[in-house]
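One structure below.
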Amino acid sequence: MQPEYRKRRDRLKKVIEGLNIDALLVTSLVNVQYLCGFTGSNGFLLISDIHEILFTDSRYIEQGSEETFNEIDVSLSPGFKGLNGVSGFSKIVNLGFESENISHSEFLIISELLTARTKLIPTNGVVEKFRSIKDENEIDFIKNAACLADRAIVHALDLVEPDISESDIAWVIEKFLRENGADDIAFDTIVATGANSSKPHHRAGRTTVKQGDPLIIDMGASVKGYNSDITRTILVESRDEKFDRVYDSVLEAQIAAINAVKEGISGKELDSVARKVIVDRGYGEYFSHGLGHGIGLAVHEMPMVVPSSEILMEDGMIFTIEPGVY
């Protein structure tokens, strides 16, 4: 991945020029990782034509140098005050910042560090747009994460029987992922049975599976920092006509949306394809979330596939298509 990090930073520098800013503060840790490989829990980047600096605290100085292949400067600074020690920082006229990844208090701290001639310029989604188009390595990592998650689901479902608890199923999944090459779980595994299955983000607990109850598992694996997101729904050791009708409606909606995917279609258009199927089947009021979302270093990222999304799908984008009736 080393050459890719350098290419990404070089590409960002070209975009910075077009935005009429002299430098960009990258404060999203996911964006920091994307641009230089750093995976610590505290850090930010200063990127300009002459600056490539990672600022972090004493816990991560050695890690920062290793993960960035010693290609960029790593500076000890637990906060933004380290910017004052950067050569040429006072000469920056327009300093861009990630408006969606900075708090008001952080904005005030940075403002106090600047000279009267320096302006803070908000930017939105600059690096996120880069991240939405995956390269071959990223595609392979996500494929591996998806395949591993699918294997974990199959393994867990083979063990599902009445009286096993939601949290036990979640543990079976996490253990399988860890033992078979995952770096981590992508997010807390959702296991919901019985009445809990109506809650899209139910937290797995001690509720036990009963024969004839629906069971939803929503989980993902993380491989090389890249995530997957898979949901499966079953009826435990039983059949039910109403369940089958709802299940078939959701499956039909998913297949319709998958078949509609093409370059140039918008997120809201894709959402509408699936939503129309579910509405026509009489379950529209129960489809309360968006159709899908991009996935990569973050579980939820661009492109969003929701009713309000104007984003046009492009080659290299990876996103979920997950209609649901709750």
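Here's how to read the names in the structure tokens: chain A, B, ... by the order shown, residue numbers from 1 in each chain, ligand numbers from 1 in the order shown.
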- DSSP strand (DSSP E or B) residues within segment 129-297 of chain A, listed as number ranges by chain: A: 165, 184-185, 190-193, 208, 214-219, 221-223, 226-227, 230-235, 266, 292-294
- Test item: residues at most 10 Å from Phe287 of chain A, only C-alpha atoms, excluding those fewer than 6 positions along its chain, as a ChimeraX atom specification: /A:250,274-275,278-279,323-326
Export of the given selection (C-alpha atoms) as a PDB file, in the first residue's frame:
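result.pdb, freshly written:
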```pdb
ATOM      1  CA  VAL A 250     -37.520  -7.630   0.493  1.00  0.00           C
ATOM      2  CA  ALA A 274     -36.259  -0.925  -4.201  1.00  0.00           C
ATOM      3  CA  ARG A 275     -38.729   1.241  -2.307  1.00  0.00           C
ATOM      4  CA  ILE A 278     -41.846  -2.748  -1.089  1.00  0.00           C
ATOM      5  CA  VAL A 279     -44.535  -0.051  -1.334  1.00  0.00           C
ATOM      6  CA  PRO A 323     -33.770  -2.982   1.887  1.00  0.00           C
ATOM      7  CA  GLY A 324     -35.650  -3.994   4.997  1.00  0.00           C
ATOM      8  CA  VAL A 325     -39.109  -4.280   6.458  1.00  0.00           C
ATOM      9  CA  TYR A 326     -39.186  -3.803  10.230  1.00  0.00           C
TER      10      TYR A 326
END
```
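Distances from A:Tyr226, A:Trp171, A:Phe38, A:Phe44 to Phe97 of chain A were compared using only C-alpha atoms, and the smallest one belongs to A:Phe44.
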- Query: Near Asp22 of chain A, within 12 Å and counting only C-alpha atoms, which residues show up once chain neighbours fewer than 2 positions away are dropped, as a VMD selection string?
  - Reply: chain A and resid 12 to 20 24 to 25 46 to 51 88 to 97 118 to 121
- If you count only C-alpha atoms, which residues fall within 12 Å of Thr233 of chain A, apart from same-chain ones fewer than 6 positions away, as a PyMOL selection string? chain A and resi 153-154+157+190-194+197-198+200+213-219+243-244+246-248+250-251+322+324-326
Can you list, as a short mmCIF file (atom, residue, chain, number, x, y, z; two decimals) with N, CA, C and O atoms, in the first residue's frame, every protein, DNA or RNA residue that comes within 8 Å of segment 237-241 of chain A when you count only C-alpha atoms, leaving out same-chain residues fewer than 2 positions away?
```cif
data_model
loop_
_atom_site.label_atom_id
_atom_site.label_comp_id
_atom_site.auth_asym_id
_atom_site.auth_seq_id
_atom_site.Cartn_x
_atom_site.Cartn_y
_atom_site.Cartn_z
N GLU A 161 -30.18 -22.93 17.40
CA GLU A 161 -31.23 -23.84 17.83
C GLU A 161 -32.00 -23.17 18.96
O GLU A 161 -31.51 -22.20 19.56
N GLN A 211 -38.39 -21.55 18.84
CA GLN A 211 -38.88 -22.10 17.58
C GLN A 211 -40.03 -21.25 17.05
O GLN A 211 -40.93 -20.85 17.79
N GLY A 212 -39.96 -20.92 15.76
CA GLY A 212 -40.98 -20.10 15.13
C GLY A 212 -40.72 -18.61 15.20
O GLY A 212 -41.48 -17.82 14.62
N LEU A 235 -36.32 -17.76 9.83
CA LEU A 235 -37.36 -18.14 10.78
C LEU A 235 -36.89 -19.46 11.40
O LEU A 235 -36.60 -20.42 10.68
N PHE A 243 -44.36 -14.38 7.12
CA PHE A 243 -42.91 -14.21 7.06
C PHE A 243 -42.41 -14.39 5.63
O PHE A 243 -41.60 -13.58 5.14
N ASP A 244 -42.88 -15.43 4.95
CA ASP A 244 -42.43 -15.68 3.58
C ASP A 244 -42.80 -14.52 2.65
O ASP A 244 -42.00 -14.15 1.78
N ARG A 245 -43.99 -13.94 2.82
CA ARG A 245 -44.41 -12.82 1.97
C ARG A 245 -43.50 -11.62 2.17
O ARG A 245 -43.07 -10.97 1.20
#
```
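Of the residues under consideration (A:Leu297, A:Lys276, A:Leu270, A:Asp163), A:Asp163 shows the shortest atom-to-atom contact distance to Val236 of chain A when counting only C-alpha atoms.
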- Which polymer residues have any atom within 8 Å of an atom of segment 177-181 of chain A, counting only C-alpha atoms, with same-chain residues fewer than 6 positions away left out, as a ChimeraX atom specification? /A:148-149,152,221,223
Selection file, all heavy atoms, as a short mmCIF file (atom, residue, chain, number, x, y, z; two decimals), in the first residue's frame:
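Final output, selection_29.cif:
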```cif
data_model
loop_
_atom_site.label_atom_id
_atom_site.label_comp_id
_atom_site.auth_asym_id
_atom_site.auth_seq_id
_atom_site.Cartn_x
_atom_site.Cartn_y
_atom_site.Cartn_z
N LEU A 148 -15.40 -13.54 4.28
CA LEU A 148 -15.20 -14.02 5.65
C LEU A 148 -16.47 -13.84 6.47
O LEU A 148 -16.86 -14.73 7.24
CB LEU A 148 -14.04 -13.27 6.28
CG LEU A 148 -13.58 -13.73 7.67
CD1 LEU A 148 -13.29 -15.23 7.68
CD2 LEU A 148 -12.34 -12.94 8.10
N ALA A 149 -17.15 -12.72 6.29
CA ALA A 149 -18.40 -12.48 7.00
C ALA A 149 -19.46 -13.50 6.59
O ALA A 149 -20.21 -14.02 7.43
CB ALA A 149 -18.90 -11.07 6.74
N ALA A 152 -18.80 -16.72 8.27
CA ALA A 152 -19.13 -16.64 9.69
C ALA A 152 -20.64 -16.79 9.91
O ALA A 152 -21.08 -17.47 10.85
CB ALA A 152 -18.65 -15.32 10.27
N ALA A 221 -17.01 -8.09 8.93
CA ALA A 221 -15.62 -8.34 9.28
C ALA A 221 -14.77 -7.17 8.83
O ALA A 221 -15.13 -6.45 7.90
CB ALA A 221 -15.13 -9.63 8.62
N VAL A 223 -10.89 -6.45 7.46
CA VAL A 223 -9.66 -7.04 6.94
C VAL A 223 -8.78 -5.92 6.41
O VAL A 223 -9.20 -5.17 5.52
CB VAL A 223 -9.96 -8.07 5.83
CG1 VAL A 223 -8.67 -8.58 5.21
CG2 VAL A 223 -10.80 -9.22 6.37
#
```
- Task: Can you check which residues of segment 8-122 of chain A DSSP gives as alpha helix (DSSP H) on the backbone and send them as number ranges by chain?
- Result: A: 8-18, 29-36, 61-67, 104-113
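Distances here use only C-alpha atoms; by that measure, the residue among A:Ile164, A:Ile311, A:Leu54, A:Ile133 closest to Gln33 of chain A is A:Leu54.
Straight-line separation from atom CA of Ile321 of chain A to atom CA of Lys143 of chain A: 15.2 Å.
Between atom CA of Asn42 of chain A and atom CA of Lys129 of chain A the separation is 22.7 Å.
Put simply, atom CA of Lys199 of chain A is 18.4 Å away from atom CA of Lys242 of chain A.
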